[in-house]
Amino acid sequence: MQATGNNDLGASRQRITIRASQKTLSFSSVVLTNAEQPIVYEPYPMRSDISIAANMREALRTASLPLQGYTAAQVMVESPVLMIPFDVFDEEDCNELYKHTFADSGQRKILHNVLPNTNSVALFPINKDLKMVIDDHFNDVIYIAALSPVWNYLYRRSFTGVRNKLYAYFHDSKVDIFSYQQNRFRYTNQFNALRPYDAIYFMLYVWKLLGLRQSHDELHIVGDIPEKEVLVEEMRKYVHRVYVINPAGDFNRAAATKIEGMPYDLMTLYTKGR
């Protein structure tokens, strides 16, 4: 698939960003020349009849961006996350903790990111074969949970105003719902959300669980929202302060917000860092 943006990357190479989930794959990078659109974004159409590792191997061989000569990569992995408080985290326990929390397929490697702002550590899996393909192709690879930029940015954003805030980020046919309290997560979890009424049920469930107030506290939603108008209208029957985050306005029309189809977590990475 043709990359979106200016793909004249010049002689020197930066770190390519790969975003991988079970059903989607994309490559992106910052252009090193003075281009009108300084970010190149290339979604790759995955085949459902082959494994994710085979898709990655084929993409690295045929997609435009990977053929530009990159030797370093940053990989955003979209997979179920187990959040651990930093003060009880022990790297040796990662596999066992994750195994007891999620069904164990035996074909995954458990990685982790430290999130210093919230004093927490995100454990997340990556398919072993997929990781091997990436590690064999690049000399230097950094792996992060795909939501890391979103968690860090919305944590800082949560300090605006005096009301408690609940966030819902829609992506990959799922919704991540989370809230902060002081310097830590108050709540975070992921739910399948193919239909708007499924998402409404989960958001109201978490709202009630946290004891948030109907007329005082705030719900902020962002991302690829299913039937957005219906969802917002229904939610406002139960929560008075419902806001849809507009990335273009929130990020002051940054270059990443102008690229069609780019996920919000990737926009946030390029605009606010990880």
# chains A, B, ... in the order shown; residues from 1 in each chain; ligands from 1
$ closest_atom_pairs --of "range 172-204 of chain A" --to "range 237-259 of chain A" --cutoff "12 Å" --atoms "only C-alpha atoms" --output "Markdown table"
| residue | atom | partner | partner_atom | distance |
| --- | --- | --- | --- | --- |
| A:Ile200 | CA | A:Tyr238 | CA | 10.0 |
| A:Tyr201 | CA | A:Tyr238 | CA | 11.1 |
| A:Met203 | CA | A:Val239 | CA | 10.2 |
| A:Leu204 | CA | A:Tyr238 | CA | 8.1 |
$ select_by_dssp --residues "range 90-122 of chain A" --states "strand (DSSP E)" --output "ChimeraX atom specification"
/A:108-115,120-122
$ closest_residue --among "A:Gly261, A:Gln74, A:Asp87, A:Phe191" --to "Arg274 in chain A" --atoms "only C-alpha atoms"
A:Gln74
$ select_by_dssp --residues "range 60-97 of chain A" --states "alpha helix (DSSP H)" --output "ChimeraX atom specification"
/A:60-62,94-97
$ write_last_selection --atoms "N, CA and C atoms" --output "PDB file, in the first residue's frame"
ATOM      1  N   LEU A  60       7.571  -6.488   5.644  1.00  0.00           N
ATOM      2  CA  LEU A  60       8.948  -5.985   5.647  1.00  0.00           C
ATOM      3  C   LEU A  60       9.613  -6.155   4.281  1.00  0.00           C
ATOM      4  N   ARG A  61       9.093  -7.076   3.504  1.00  0.00           N
ATOM      5  CA  ARG A  61       9.659  -7.343   2.185  1.00  0.00           C
ATOM      6  C   ARG A  61       9.021  -6.509   1.087  1.00  0.00           C
ATOM      7  N   THR A  62       7.760  -6.048   1.293  1.00  0.00           N
ATOM      8  CA  THR A  62       7.029  -5.420   0.191  1.00  0.00           C
ATOM      9  C   THR A  62       6.533  -4.002   0.470  1.00  0.00           C
ATOM     10  N   CYS A  94       6.874 -11.675  36.005  1.00  0.00           N
ATOM     11  CA  CYS A  94       6.021 -11.219  34.901  1.00  0.00           C
ATOM     12  C   CYS A  94       5.255 -12.358  34.236  1.00  0.00           C
ATOM     13  N   ASN A  95       5.954 -13.412  33.879  1.00  0.00           N
ATOM     14  CA  ASN A  95       5.303 -14.510  33.169  1.00  0.00           C
ATOM     15  C   ASN A  95       4.213 -15.166  33.995  1.00  0.00           C
ATOM     16  N   GLU A  96       4.506 -15.439  35.260  1.00  0.00           N
ATOM     17  CA  GLU A  96       3.523 -16.101  36.115  1.00  0.00           C
ATOM     18  C   GLU A  96       2.317 -15.211  36.378  1.00  0.00           C
ATOM     19  N   LEU A  97       2.550 -13.936  36.633  1.00  0.00           N
ATOM     20  CA  LEU A  97       1.444 -13.015  36.878  1.00  0.00           C
ATOM     21  C   LEU A  97       0.530 -12.931  35.658  1.00  0.00           C
TER      22      LEU A  97
END
$ residues_around --residues "Gln190 in chain A" --least-positions-apart "6" --cutoff "12 Å" --atoms "only C-alpha atoms" --output "compact mmCIF listing (two decimals) with C-alpha atoms, in the first residue's frame"
# COMPACT_ATOMS: atom_id res chain seq x y z
CA GLU A 78 -1.74 -3.64 20.89
CA SER A 79 -2.51 -6.58 23.18
CA PRO A 80 -4.19 -7.14 26.58
CA VAL A 81 -2.33 -5.33 29.36
CA LEU A 82 -1.86 -6.27 33.00
CA MET A 83 -1.11 -3.17 35.08
CA LEU A 147 -1.61 2.72 24.80
CA TYR A 167 -11.56 8.26 29.96
CA ALA A 168 -12.68 5.85 27.24
CA TYR A 169 -10.38 5.24 24.28
CA PHE A 170 -11.91 3.33 21.33
CA HIS A 171 -9.56 1.38 19.06
CA ASP A 172 -9.26 -2.00 17.32
CA SER A 173 -12.95 -2.81 18.05
CA LYS A 174 -12.25 -2.37 21.79
CA VAL A 175 -12.56 0.30 24.42
CA ASP A 176 -10.01 0.99 27.13
CA ILE A 177 -11.61 2.67 30.16
CA PHE A 178 -9.39 4.27 32.76
CA ALA A 199 -19.54 0.28 25.17
CA PHE A 202 -19.17 -0.94 30.18
CA MET A 203 -18.70 2.82 30.66
CA VAL A 206 -17.15 1.56 35.54
$ closest_residue --among "A:Ala72, A:Phe185, A:Ile126, A:Val121" --to "Tyr155 in chain A" --atoms "only C-alpha atoms"
A:Phe185
$ closest_atom_pairs --of "range 131-152 of chain A" --to "range 268-271 of chain A" --cutoff "9 Å" --atoms "only C-alpha atoms" --output "CSV"
residue,atom,partner,partner_atom,distance
A:Ser148,CA,A:Leu269,CA,8.5
A:Pro149,CA,A:Leu269,CA,5.3
A:Val150,CA,A:Thr268,CA,6.3
$ closest_residue --among "A:Met235, A:Tyr180, A:Gly223, A:Lys128" --to "Met262 in chain A" --atoms "only C-alpha atoms"
A:Gly223
$ atom_distance --atom1 "CA of Pro38 in chain A" --atom2 "CA of Arg19 in chain A"
18.2 Å
$ closest_residue --among "A:Asn183, A:Thr101, A:Ser29, A:Gln37" --to "Val75 in chain A" --atoms "only C-alpha atoms"
A:Ser29
$ closest_residue --among "A:Lys165, A:Val88, A:Trp151, A:Ala53" --to "Met132 in chain A" --atoms "only C-alpha atoms"
A:Ala53
$ residues_around --residues "Met46 in chain A" --least-positions-apart "6" --cutoff "7 Å" --atoms "only C-alpha atoms" --output "list in words"
Lys23, Thr24, Leu25 and Asn55 of chain A
$ closest_residue --among "A:Leu166, A:Ile221, A:Val232, A:Leu123" --to "Leu209 in chain A" --atoms "only C-alpha atoms"
A:Leu166
$ residues_around --residues "Trp207 in chain A" --least-positions-apart "6" --cutoff "9 Å" --atoms "only C-alpha atoms" --output "PyMOL selection string"
chain A and resi 166+213-214+219
